[in-house]
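Enquirer: I'm passing along model09.cif; it holds mmCIF, C-alpha atoms.
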data_final
#
loop_
_atom_site.group_PDB
_atom_site.id
_atom_site.type_symbol
_atom_site.label_atom_id
_atom_site.label_comp_id
_atom_site.auth_asym_id
_atom_site.auth_seq_id
_atom_site.Cartn_x
_atom_site.Cartn_y
_atom_site.Cartn_z
ATOM 1 C CA MET U 49 188.661 5.942 100.670
ATOM 2 C CA ASN U 50 185.916 7.167 98.339
ATOM 3 C CA GLU U 51 187.375 9.970 96.165
ATOM 4 C CA SER U 52 184.328 12.233 96.414
ATOM 5 C CA ALA U 53 184.163 11.816 100.197
ATOM 6 C CA GLU U 54 187.839 12.722 100.427
ATOM 7 C CA SER U 55 187.585 15.820 98.231
ATOM 8 C CA SER U 56 184.498 17.399 99.821
ATOM 9 C CA ARG U 57 182.662 17.862 103.078
ATOM 10 C CA ARG U 58 179.833 20.022 104.352
ATOM 11 C CA CYS U 59 179.757 23.458 105.938
ATOM 12 C CA GLN U 60 178.633 23.185 109.560
ATOM 13 C CA THR U 61 176.739 26.465 109.239
ATOM 14 C CA CYS U 62 174.721 26.081 106.014
ATOM 15 C CA GLY U 63 175.338 22.472 104.920
ATOM 16 C CA ALA U 64 176.888 23.400 101.544
ATOM 17 C CA ASP U 65 179.503 21.096 99.998
ATOM 18 C CA LEU U 66 183.077 22.251 100.608
ATOM 19 C CA PRO U 67 186.129 21.446 98.471
ATOM 20 C CA LEU U 68 189.310 19.967 99.921
ATOM 21 C CA PHE U 69 191.088 22.260 102.406
ATOM 22 C CA PRO U 70 188.606 25.191 102.203
ATOM 23 C CA LEU U 71 188.991 28.335 104.301
ATOM 24 C CA VAL U 72 185.547 29.874 103.737
ATOM 25 C CA CYS U 73 182.174 28.434 102.726
ATOM 26 C CA ASP U 74 181.221 29.802 99.275
ATOM 27 C CA ARG U 75 177.528 29.884 100.152
ATOM 28 C CA CYS U 76 177.359 31.450 103.643
ATOM 29 C CA HIS U 77 180.931 32.832 103.877
ATOM 30 C CA ALA U 78 181.484 31.244 107.300
ATOM 31 C CA LEU U 79 185.075 30.569 108.343
ATOM 32 C CA VAL U 80 185.636 26.817 108.214
ATOM 33 C CA HIS U 81 188.289 26.857 110.969
ATOM 34 C CA SER U 82 186.430 29.190 113.334
ATOM 35 C CA GLU U 83 186.854 26.972 116.397
ATOM 36 C CA GLU U 84 190.592 26.489 115.892
ATOM 37 C CA LEU U 85 190.950 30.241 115.321
ATOM 38 C CA ALA U 86 189.135 30.882 118.613
ATOM 39 C CA ARG U 87 191.573 28.571 120.409
ATOM 40 C CA ILE U 88 194.586 30.233 118.789
ATOM 41 C CA SER U 89 193.263 33.675 119.729
ATOM 42 C CA HIS U 90 192.750 32.635 123.353
ATOM 43 C CA ARG U 91 196.240 31.128 123.642
ATOM 44 C CA ALA U 92 197.885 34.132 121.979
ATOM 45 C CA LYS U 93 196.092 36.659 124.190
ATOM 46 C CA THR U 94 197.020 34.649 127.285
ATOM 47 C CA LEU U 95 200.678 34.663 126.229
ATOM 48 C CA GLU U 96 200.506 38.425 125.634
ATOM 49 C CA GLU U 97 199.127 38.963 129.149
ATOM 50 C CA GLU U 98 202.011 36.881 130.521
ATOM 51 C CA ARG U 99 204.460 39.059 128.543
ATOM 52 C CA GLN U 100 205.643 36.071 126.505
ATOM 53 C CA ILE U 101 205.828 38.182 123.373
ATOM 54 C CA GLN U 102 207.818 35.834 121.139
ATOM 55 C CA GLU U 103 205.513 32.903 121.903
ATOM 56 C CA ALA U 104 202.421 35.074 121.356
ATOM 57 C CA ARG U 105 203.732 36.195 117.951
ATOM 58 C CA GLU U 106 204.320 32.574 116.934
ATOM 59 C CA GLU U 107 200.797 31.669 118.062
ATOM 60 C CA TRP U 108 199.204 34.463 115.996
ATOM 61 C CA GLN U 109 201.180 33.301 112.972
ATOM 62 C CA LYS U 110 199.424 29.935 113.187
ATOM 63 C CA ALA U 111 196.141 31.727 112.413
ATOM 64 C CA LEU U 112 197.230 33.142 109.049
ATOM 65 C CA PRO U 113 197.132 29.857 107.048
ATOM 66 C CA LEU U 114 193.550 29.341 108.328
ATOM 67 C CA LEU U 115 192.326 32.716 107.042
ATOM 68 C CA PRO U 116 191.813 33.999 103.477
ATOM 69 C CA ALA U 117 194.718 36.316 102.645
ATOM 70 C CA GLY U 118 192.494 39.327 101.974
ATOM 71 C CA ALA U 119 190.094 38.823 104.884
ATOM 72 C CA THR U 120 189.632 41.533 107.521
ATOM 73 C CA GLN U 121 190.582 39.018 110.205
ATOM 74 C CA ALA U 122 193.860 38.234 108.427
ATOM 75 C CA GLU U 123 194.686 41.948 108.213
ATOM 76 C CA TRP U 124 194.046 42.320 111.941
ATOM 77 C CA VAL U 125 196.239 39.309 112.770
ATOM 78 C CA ARG U 126 199.065 40.693 110.621
ATOM 79 C CA SER U 127 198.829 44.047 112.395
ATOM 80 C CA GLN U 128 198.893 42.280 115.767
ATOM 81 C CA ILE U 129 202.020 40.364 114.741
ATOM 82 C CA ALA U 130 203.633 43.653 113.680
ATOM 83 C CA LYS U 131 202.864 45.201 117.079
ATOM 84 C CA LEU U 132 204.419 42.237 118.865
ATOM 85 C CA GLU U 133 207.512 42.405 116.664
ATOM 86 C CA LEU U 134 207.858 46.074 117.592
ATOM 87 C CA GLN U 135 207.640 45.151 121.276
ATOM 88 C CA LEU U 136 210.369 42.550 120.790
ATOM 89 C CA ARG U 137 212.674 45.202 119.332
ATOM 90 C CA VAL U 138 212.247 47.513 122.349
ATOM 91 C CA ALA U 139 212.373 44.715 124.944
ATOM 92 C CA PRO U 140 215.837 45.740 126.342
ATOM 93 C CA ALA U 141 214.144 48.637 128.186
ATOM 94 C CA GLU U 142 212.618 46.131 130.641
ATOM 95 C CA PRO U 143 215.597 46.071 133.094
ATOM 96 C CA GLN U 144 215.054 49.791 133.811
ATOM 97 C CA LYS U 145 211.589 48.966 135.116
ATOM 98 C CA ALA U 146 213.078 46.297 137.378
ATOM 99 C CA ASN U 147 215.672 48.768 138.719
ATOM 100 C CA TRP U 148 212.925 51.316 139.352
ATOM 101 C CA ALA U 149 210.896 48.709 141.231
ATOM 102 C CA ARG U 150 213.894 47.661 143.333
ATOM 103 C CA ARG U 151 214.339 51.234 144.560
ATOM 104 C CA LEU U 152 210.927 50.991 146.176
ATOM 105 C CA GLY U 153 212.220 48.329 148.556
ATOM 106 C CA PRO U 154 209.645 45.834 149.912
ATOM 107 C CA LEU U 155 206.889 47.371 147.765
ATOM 108 C CA GLY U 156 208.761 46.613 144.528
ATOM 109 C CA PRO U 157 207.765 42.930 144.124
ATOM 110 C CA LEU U 158 204.155 43.768 144.978
ATOM 111 C CA LEU U 159 204.000 46.530 142.352
ATOM 112 C CA ILE U 160 205.524 44.242 139.728
ATOM 113 C CA LEU U 161 202.920 41.610 140.569
ATOM 114 C CA LEU U 162 200.078 44.098 140.395
ATOM 115 C CA SER U 163 201.347 45.424 137.067
ATOM 116 C CA LYS U 164 200.516 42.109 135.456
ATOM 117 C CA GLY U 165 197.039 42.441 134.014
ATOM 118 C CA LYS U 166 196.371 38.713 134.115
ATOM 119 C CA PHE U 167 196.961 38.605 137.869
ATOM 120 C CA LEU U 168 194.367 41.314 138.427
ATOM 121 C CA LEU U 169 191.816 39.779 136.070
ATOM 122 C CA THR U 170 192.259 36.316 137.563
ATOM 123 C CA ALA U 171 191.910 37.686 141.081
ATOM 124 C CA ILE U 172 188.739 39.588 140.157
ATOM 125 C CA PHE U 173 187.141 36.573 138.458
ATOM 126 C CA LYS U 174 187.992 34.292 141.372
ATOM 127 C CA LEU U 175 186.684 36.870 143.845
ATOM 128 C CA LYS U 176 183.417 37.201 141.901
ATOM 129 C CA PHE U 177 183.066 33.422 141.878
ATOM 130 C CA LEU U 178 183.726 33.074 145.624
ATOM 131 C CA ILE U 179 181.551 35.995 146.731
ATOM 132 C CA SER U 180 178.598 34.880 144.609
ATOM 133 C CA LEU U 181 178.973 31.276 145.827
ATOM 134 C CA VAL U 182 179.003 32.362 149.485
ATOM 135 C CA ALA U 183 175.912 34.522 148.906
ATOM 136 C CA PHE U 184 174.196 31.615 147.149
ATOM 137 C CA VAL U 185 174.956 29.248 150.034
ATOM 138 C CA GLY U 186 173.758 31.864 152.532
ATOM 139 C CA VAL U 187 170.340 32.231 150.904
ATOM 140 C CA TYR U 188 169.597 28.502 150.808
ATOM 141 C CA TRP U 189 171.139 27.957 154.268
ATOM 142 C CA SER U 190 168.695 30.498 155.713
ATOM 143 C CA LEU U 191 165.745 28.912 153.875
ATOM 144 C CA PHE U 192 166.409 25.176 154.343
ATOM 145 C CA GLY U 193 169.156 24.817 156.929
ATOM 146 C CA ALA U 194 172.908 24.352 156.695
ATOM 147 C CA ARG U 195 173.068 20.750 155.475
ATOM 148 C CA PHE U 196 170.620 21.133 152.608
ATOM 149 C CA GLY U 197 171.741 24.668 151.725
ATOM 150 C CA ILE U 198 175.427 23.773 151.401
ATOM 151 C CA SER U 199 174.739 20.472 149.616
ATOM 152 C CA PHE U 200 172.326 22.096 147.174
ATOM 153 C CA ALA U 201 174.854 24.824 146.354
ATOM 154 C CA LEU U 202 177.505 22.170 145.679
ATOM 155 C CA LEU U 203 175.147 20.375 143.280
ATOM 156 C CA VAL U 204 174.540 23.617 141.377
ATOM 157 C CA LEU U 205 178.301 24.197 141.349
ATOM 158 C CA LEU U 206 178.794 20.689 139.927
ATOM 159 C CA HIS U 207 176.322 21.485 137.128
ATOM 160 C CA GLU U 208 178.148 24.701 136.229
ATOM 161 C CA LEU U 209 181.553 23.035 136.400
ATOM 162 C CA GLY U 210 180.237 20.557 133.841
ATOM 163 C CA HIS U 211 179.918 23.480 131.414
ATOM 164 C CA TYR U 212 183.211 25.053 132.483
ATOM 165 C CA VAL U 213 185.312 21.888 132.178
ATOM 166 C CA ASP U 214 183.803 20.988 128.800
ATOM 167 C CA ILE U 215 184.587 24.456 127.440
ATOM 168 C CA ARG U 216 188.155 24.494 128.748
ATOM 169 C CA ARG U 217 188.960 20.970 127.556
ATOM 170 C CA ARG U 218 188.185 22.189 124.036
ATOM 171 C CA GLY U 219 190.815 24.895 124.448
ATOM 172 C CA LEU U 220 188.223 27.697 124.570
ATOM 173 C CA PRO U 221 188.177 30.568 127.102
ATOM 174 C CA ALA U 222 185.634 30.596 129.943
ATOM 175 C CA GLU U 223 185.166 32.333 133.267
ATOM 176 C CA MET U 224 184.476 30.568 136.551
ATOM 177 C CA PRO U 225 180.769 30.224 137.413
ATOM 178 C CA VAL U 226 178.845 33.184 138.812
ATOM 179 C CA PHE U 227 175.921 32.449 141.170
ATOM 180 C CA LEU U 228 172.658 34.389 141.331
ATOM 181 C CA PRO U 229 170.879 33.608 144.640
ATOM 182 C CA GLY U 230 167.306 32.578 144.000
ATOM 183 C CA LEU U 231 167.862 32.294 140.235
ATOM 184 C CA GLY U 232 170.723 29.885 139.555
ATOM 185 C CA ALA U 233 174.179 30.317 138.060
ATOM 186 C CA TYR U 234 175.955 30.688 134.737
ATOM 187 C CA VAL U 235 179.337 30.267 133.061
ATOM 188 C CA ARG U 236 180.346 33.095 130.768
ATOM 189 C CA TRP U 237 182.159 32.140 127.568
ATOM 190 C CA ASP U 238 182.483 33.384 124.020
ATOM 191 C CA ALA U 239 180.498 31.102 121.679
ATOM 192 C CA LEU U 240 180.790 33.440 118.701
ATOM 193 C CA GLY U 241 181.817 31.462 115.623
ATOM 194 C CA ILE U 242 181.560 28.120 117.439
ATOM 195 C CA LYS U 243 179.695 25.324 115.618
ATOM 196 C CA ARG U 244 176.167 24.442 116.704
ATOM 197 C CA ALA U 245 177.129 20.906 117.683
ATOM 198 C CA THR U 246 179.926 22.172 119.932
ATOM 199 C CA ARG U 247 177.643 24.710 121.614
ATOM 200 C CA ALA U 248 175.029 21.998 122.107
ATOM 201 C CA ALA U 249 177.558 19.613 123.681
ATOM 202 C CA VAL U 250 178.736 22.359 126.057
ATOM 203 C CA SER U 251 175.113 23.068 127.020
ATOM 204 C CA LEU U 252 174.411 19.388 127.736
ATOM 205 C CA ALA U 253 177.579 18.967 129.805
ATOM 206 C CA GLY U 254 175.935 20.832 132.705
ATOM 207 C CA PRO U 255 172.869 18.547 132.960
ATOM 208 C CA LEU U 256 175.182 15.532 132.544
ATOM 209 C CA ALA U 257 177.214 16.677 135.561
ATOM 210 C CA GLY U 258 173.916 17.314 137.360
ATOM 211 C CA LEU U 259 172.826 13.758 136.560
ATOM 212 C CA LEU U 260 176.064 12.407 138.048
ATOM 213 C CA GLY U 261 175.443 14.486 141.178
ATOM 214 C CA ALA U 262 171.883 13.153 141.438
ATOM 215 C CA ILE U 263 173.154 9.576 141.057
ATOM 216 C CA GLY U 264 175.655 10.212 143.864
ATOM 217 C CA CYS U 265 172.856 11.474 146.120
ATOM 218 C CA TYR U 266 170.698 8.486 145.144
ATOM 219 C CA LEU U 267 173.456 6.049 146.123
ATOM 220 C CA ALA U 268 173.973 7.887 149.418
ATOM 221 C CA TRP U 269 170.241 7.626 150.117
ATOM 222 C CA LYS U 270 170.254 3.875 149.356
ATOM 223 C CA GLN U 271 173.199 3.437 151.707
ATOM 224 C CA THR U 272 171.966 5.581 154.605
ATOM 225 C CA GLY U 273 168.205 5.873 154.162
ATOM 226 C CA SER U 274 168.529 9.578 154.974
ATOM 227 C CA GLY U 275 165.708 11.748 153.691
ATOM 228 C CA LEU U 276 168.233 14.534 153.073
ATOM 229 C CA TRP U 277 169.939 12.559 150.299
ATOM 230 C CA ALA U 278 166.564 11.628 148.778
ATOM 231 C CA ALA U 279 165.549 15.300 148.744
ATOM 232 C CA LEU U 280 168.843 16.331 147.153
ATOM 233 C CA ALA U 281 168.606 13.611 144.488
ATOM 234 C CA GLN U 282 165.031 14.598 143.632
ATOM 235 C CA THR U 283 165.767 18.330 143.615
ATOM 236 C CA SER U 284 168.898 17.963 141.478
ATOM 237 C CA ALA U 285 167.159 15.683 138.957
ATOM 238 C CA TRP U 286 164.085 17.919 138.722
ATOM 239 C CA LEU U 287 166.101 21.126 138.217
ATOM 240 C CA ASN U 288 168.285 19.536 135.559
ATOM 241 C CA VAL U 289 165.210 18.305 133.645
ATOM 242 C CA LEU U 290 163.830 21.837 133.930
ATOM 243 C CA ASN U 291 167.088 23.079 132.419
ATOM 244 C CA LEU U 292 166.630 20.697 129.467
ATOM 245 C CA ILE U 293 163.345 22.279 128.353
ATOM 246 C CA PRO U 294 164.288 23.467 124.841
ATOM 247 C CA VAL U 295 163.383 27.143 125.209
ATOM 248 C CA TRP U 296 164.996 30.544 125.758
ATOM 249 C CA ILE U 297 168.359 30.627 127.531
ATOM 250 C CA LEU U 298 168.013 27.219 129.207
ATOM 251 C CA ASP U 299 170.570 24.512 128.399
ATOM 252 C CA GLY U 300 167.937 22.614 126.416
ATOM 253 C CA GLY U 301 167.258 25.711 124.325
ATOM 254 C CA GLN U 302 170.910 25.957 123.334
ATOM 255 C CA ALA U 303 171.171 22.206 122.684
ATOM 256 C CA ALA U 304 168.041 22.226 120.491
ATOM 257 C CA LEU U 305 169.777 24.605 118.065
ATOM 258 C CA ALA U 306 171.722 21.594 116.759
ATOM 259 C CA LEU U 307 168.650 19.348 116.321
ATOM 260 C CA SER U 308 166.991 18.875 112.947
ATOM 261 C CA ARG U 309 163.200 18.982 112.648
ATOM 262 C CA THR U 310 163.012 15.169 112.790
ATOM 263 C CA GLU U 311 165.177 15.110 115.895
ATOM 264 C CA ARG U 312 162.902 17.687 117.507
ATOM 265 C CA TRP U 313 159.962 15.369 116.821
ATOM 266 C CA ILE U 314 161.915 12.589 118.555
ATOM 267 C CA LEU U 315 162.484 14.847 121.578
ATOM 268 C CA LEU U 316 158.772 15.675 121.671
ATOM 269 C CA GLY U 317 157.826 11.991 121.589
ATOM 270 C CA LEU U 318 160.325 11.085 124.301
ATOM 271 C CA GLY U 319 159.017 13.848 126.566
ATOM 272 C CA LEU U 320 155.478 12.545 126.197
ATOM 273 C CA LEU U 321 156.575 8.955 126.908
ATOM 274 C CA LEU U 322 158.414 9.999 130.061
ATOM 275 C CA TRP U 323 155.483 12.147 131.179
ATOM 276 C CA LEU U 324 152.937 9.351 130.711
ATOM 277 C CA GLY U 325 155.224 6.546 131.889
ATOM 278 C CA LEU U 326 156.674 8.225 134.978
ATOM 279 C CA GLY U 327 153.856 10.596 135.862
ATOM 280 C CA GLU U 328 156.296 13.509 136.145
ATOM 281 C CA SER U 329 154.673 16.645 134.725
ATOM 282 C CA ILE U 330 158.043 18.329 134.154
ATOM 283 C CA PHE U 331 158.491 16.121 131.066
ATOM 284 C CA PHE U 332 155.303 17.533 129.587
ATOM 285 C CA LEU U 333 157.069 20.911 129.608
ATOM 286 C CA VAL U 334 159.975 19.353 127.697
ATOM 287 C CA SER U 335 157.497 18.194 125.043
ATOM 288 C CA ALA U 336 155.809 21.589 124.989
ATOM 289 C CA GLY U 337 159.191 23.204 124.401
ATOM 290 C CA ALA U 338 159.876 20.738 121.576
ATOM 291 C CA VAL U 339 156.552 21.666 119.947
ATOM 292 C CA TYR U 340 157.594 25.306 120.055
ATOM 293 C CA ARG U 341 160.964 24.463 118.445
ATOM 294 C CA LEU U 342 159.198 22.728 115.552
ATOM 295 C CA PHE U 343 157.969 26.128 114.375
ATOM 296 C CA THR U 344 161.070 28.253 114.915
ATOM 297 C CA LYS U 345 163.310 29.206 111.994
ATOM 298 C CA ASP U 346 166.562 28.000 113.538
ATOM 299 C CA VAL U 347 166.532 24.430 112.170
ATOM 300 C CA PRO U 348 170.101 23.471 111.127
ATOM 301 C CA PRO U 349 170.859 22.200 107.618
ATOM 302 C CA MET U 350 172.205 18.871 108.906
ATOM 303 C CA PRO U 351 171.044 16.469 111.653
ATOM 304 C CA ALA U 352 173.133 15.873 114.771
ATOM 305 C CA PRO U 353 172.579 12.222 115.816
ATOM 306 C CA LYS U 354 175.309 12.326 118.489
ATOM 307 C CA ILE U 355 173.790 15.395 120.137
ATOM 308 C CA THR U 356 170.323 13.814 119.941
ATOM 309 C CA ALA U 357 171.603 10.642 121.625
ATOM 310 C CA TYR U 358 173.388 12.771 124.253
ATOM 311 C CA TYR U 359 170.220 14.786 124.944
ATOM 312 C CA ILE U 360 168.034 11.675 125.189
ATOM 313 C CA SER U 361 170.477 9.787 127.440
ATOM 314 C CA VAL U 362 170.692 12.604 129.993
ATOM 315 C CA LEU U 363 166.926 13.145 129.939
ATOM 316 C CA VAL U 364 166.184 9.439 130.471
ATOM 317 C CA GLY U 365 168.815 9.170 133.212
ATOM 318 C CA LEU U 366 167.237 12.051 135.117
ATOM 319 C CA GLY U 367 163.814 10.446 134.624
ATOM 320 C CA VAL U 368 165.079 7.223 136.214
ATOM 321 C CA ILE U 369 166.270 9.166 139.283
ATOM 322 C CA LEU U 370 162.901 10.919 139.593
ATOM 323 C CA HIS U 371 161.108 7.585 139.330
ATOM 324 C CA PHE U 372 163.107 5.637 141.889
ATOM 325 C CA VAL U 373 163.689 8.293 144.544
ATOM 326 C CA PRO U 374 160.698 9.193 146.702
ATOM 327 C CA SER U 375 159.579 12.801 146.579
ATOM 328 C CA PRO U 376 160.459 14.785 149.715
ATOM 329 C CA ARG U 377 157.561 15.322 152.043
#
Represent the structure of the file as structure tokens.
Expert:
Amino acid sequence: MNESAESSRRCQTCGADLPLFPLVCDRCHALVHSEELARISHRAKTLEEERQIQEAREEWQKALPLLPAGATQAEWVRSQIAKLELQLRVAPAEPQKANWARRLGPLGPLLILLSKGKFLLTAIFKLKFLISLVAFVGVYWSLFGARFGISFALLVLLHELGHYVDIRRRGLPAEMPVFLPGLGAYVRWDALGIKRATRAAVSLAGPLAGLLGAIGCYLAWKQTGSGLWAALAQTSAWLNVLNLIPVWILDGGQAALALSRTERWILLGLGLLLWLGLGESIFFLVSAGAVYRLFTKDVPPMPAPKITAYYISVLVGLGVILHFVPSPR
């Protein structure tokens, strides 16, 4: 291996050269291992909620070699480890709680269960997900009928699960989707300290799942000839292209943060080609968004060819669906 390539790499935040095994970028002071630290933090907090104190302490200890010794974050981690060690020393008091709960008879197990914070949080998040999904289905059921309303809600759910699954497979925390009738849905997660390329990939995972849903509807339409499947394929493809416009809080806006200026020019050109070639005006809006991103001050220091290829592939795939499926009448 080339010696210089082995002894240096680039900061994902500012593009500066980094020496071998760095902890912090000298230029922008970003933590090099921010994503791994986020995963460790999530695992440790989960173990704390489950009252697995020893395992949580061991997990926090994994963070210390990834942090500068004098950093504020390292001080906080050391204090957290000290708190957990104190809890381990007073752990024998736990049986008294169990005896107290047993005296309450049938209510004892329920109180113990409710005392677990994770149970309550999980129940609340799941309830929020289910209630918002039912409300979402209800709105579109009343507007377009049961078959389209339920199917459309499932396609939106598939899009959001694309985000959710991609986040969780990276070991990062995320909540189940929340639906906003008439507006859409979102997955809440903590992207603080996460690299641009990772955030972009998470953003594109939703439209990719939406593309797969549109392909499924397209195949069902080819098999059955049902106008319902054609309408669902068209609607899903159109909404996912809309989501790829590189502006504001849309998925395309988050993905464009990882694109260099040249890659934004490529996105602009592709949008124009799809608009002129397919006659779908939604692609003109993609190009308009790309023009806007050429003049923003959020251009990254390094290109992201994999993200660009990902973005283009999903956009072209959705364009193919829009071209071959007849518009609902």
Enquirer: Mind pulling up the distance from atom CA of U:Val362 to atom CA of U:Tyr212?
Expert: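 Taking atom CA of U:Tyr212 and atom CA of U:Val362, their separation equals 17.8 Å.
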Enquirer: If you measure from atom CA of U:Gly258 to atom CA of U:Val204, what distance in Å do you get, rounded to one decimal?
Expert: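 A separation of 7.5 Å between them.
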Enquirer: Can you work out which one of U:Ala117, U:Leu276, U:Leu85, U:Ala248 has the shortest atom-to-atom distance to U:Arg195, counting all atoms listed in the file?
Expert: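 Between U:Ala117, U:Leu276, U:Leu85, U:Ala248, the residue approaching U:Arg195 most closely is U:Leu276.
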Enquirer: In terms of the shortest atom-to-atom distance over all atoms listed in the file, which of U:Ala92, U:Leu305, U:Ala279, U:Ala86 is closest to U:Leu240?
Expert: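 Of U:Ala92, U:Leu305, U:Ala279, U:Ala86, the one nearest U:Leu240 is U:Ala86, counting all atoms listed in the file.
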Enquirer: What is the distance between atom CA of U:Tyr340 and atom CA of U:Leu318, in Å to one decimal?
Expert: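 According to the coordinates, atom CA of U:Tyr340 and atom CA of U:Leu318 are separated by 15.1 Å.
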Enquirer: How big is the axis-aligned box around the listed atoms of stretch 234-252 of chain U once 8 Å is added on each side, and where is its centre? Give both in Å to one decimal, as JSON.
Expert:
{"center_x": 178.4, "center_y": 26.4, "center_z": 125.2, "size_x": 24.1, "size_y": 30.1, "size_z": 35.1}
Enquirer: When the PyMOL selection byres ((chain U and resi 196) around 12) is applied to the structure above, which residues does it catch, written out as a PyMOL selection string?
Expert: chain U and resi 185-195+197-203+265+274-281+283-284
Enquirer: Run the PyMOL selection byres ((chain U and resi 235) around 10) against the file shown and list the residues it catches, as an MDAnalysis selection string.
Expert: chainID U and resid 208:212 215 222:227 233:234 236:237
Enquirer: Just checking: using all atoms listed in the file, which residue out of U:Ala253, U:Ala336, U:Leu79, U:Leu370 ends up closest to U:Asp299?
Expert: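 Using all atoms listed in the file, U:Asp299 sits closest to U:Ala253.
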Enquirer: To test your reading of the syntax: which residues would the PyMOL selection byres ((chain U and resi 241) around 7) return for the file shown? Reply as a ChimeraX atom specification.
Expert: /U:82-83,239-240,242-243
Enquirer: Store the residues of this selection in a file with C-alpha atoms, as a PDB file, keeping the file's coordinate frame.
Expert:
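Written file, out_15.pdb:
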ATOM      1  CA  SER U  82     186.430  29.190 113.334  1.00  0.00           C
ATOM      2  CA  GLU U  83     186.854  26.972 116.397  1.00  0.00           C
ATOM      3  CA  ALA U 239     180.498  31.102 121.679  1.00  0.00           C
ATOM      4  CA  LEU U 240     180.790  33.440 118.701  1.00  0.00           C
ATOM      5  CA  ILE U 242     181.560  28.120 117.439  1.00  0.00           C
ATOM      6  CA  LYS U 243     179.695  25.324 115.618  1.00  0.00           C
TER       7      LYS U 243
END
Enquirer: Using all atoms listed in the file for the distances, tell me which of U:Glu311, U:Glu328, U:Glu96, U:Glu123 is nearest to U:Lys354.
Expert: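 Between U:Glu311, U:Glu328, U:Glu96, U:Glu123, the residue approaching U:Lys354 most closely is U:Glu311.
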Enquirer: If I put a ball of radius 12 Å at (202.7, 34.4, 121.3) in the file's coordinates, which residues poke into it when counting all atoms listed in the file, written as a ChimeraX atom specification?
Expert: /U:88-111,125,128-129,131-133,135-136
Enquirer: Which residue, U:Leu220, U:Met350, U:Leu206, U:Leu326, has the smallest gap to U:Ala257 when you use all atoms listed in the file?
Expert: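 Among the listed residues, U:Leu206 lies closest to U:Ala257.
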Enquirer: Counting only C-alpha atoms, figure out which residue out of U:Gly337, U:Gly261, U:Pro221, U:Pro70 gets nearest to U:Gly301.
Expert: U:Gly337
Enquirer: Considering all atoms listed in the file, return as JSON, numbers by chain whatever protein or nucleic-acid residues lie within 9 Å of U:Ser335, sequence-local ones (same chain, fewer than 4 positions apart) excluded.
Expert: {"U": [293, 294, 315, 316, 317, 318, 319, 320, 323, 331, 339, 340]}
Enquirer: I'd like the neighbourhood of U:Ile263 as a compact mmCIF listing (two decimals) with C-alpha atoms, in the frame of the given file, where a residue qualifies if any of its atoms comes within 10 Å (using all atoms listed in the file), though same-chain residues fewer than 6 positions away should be ignored.
Expert:
# COMPACT_ATOMS: atom_id res chain seq x y z
CA ALA U 257 177.21 16.68 135.56
CA TRP U 269 170.24 7.63 150.12
CA ALA U 281 168.61 13.61 144.49
CA GLN U 282 165.03 14.60 143.63
CA SER U 284 168.90 17.96 141.48
CA ALA U 285 167.16 15.68 138.96
CA GLY U 365 168.82 9.17 133.21
CA LEU U 366 167.24 12.05 135.12
CA VAL U 368 165.08 7.22 136.21
CA ILE U 369 166.27 9.17 139.28
Enquirer: Can you tell me, as a PyMOL selection string, what residues are no more than 8 Å from U:Leu342 when counting all atoms listed in the file, ignoring any on the same chain fewer than 2 positions away?
Expert: chain U and resi 309+312-313+338-340+344
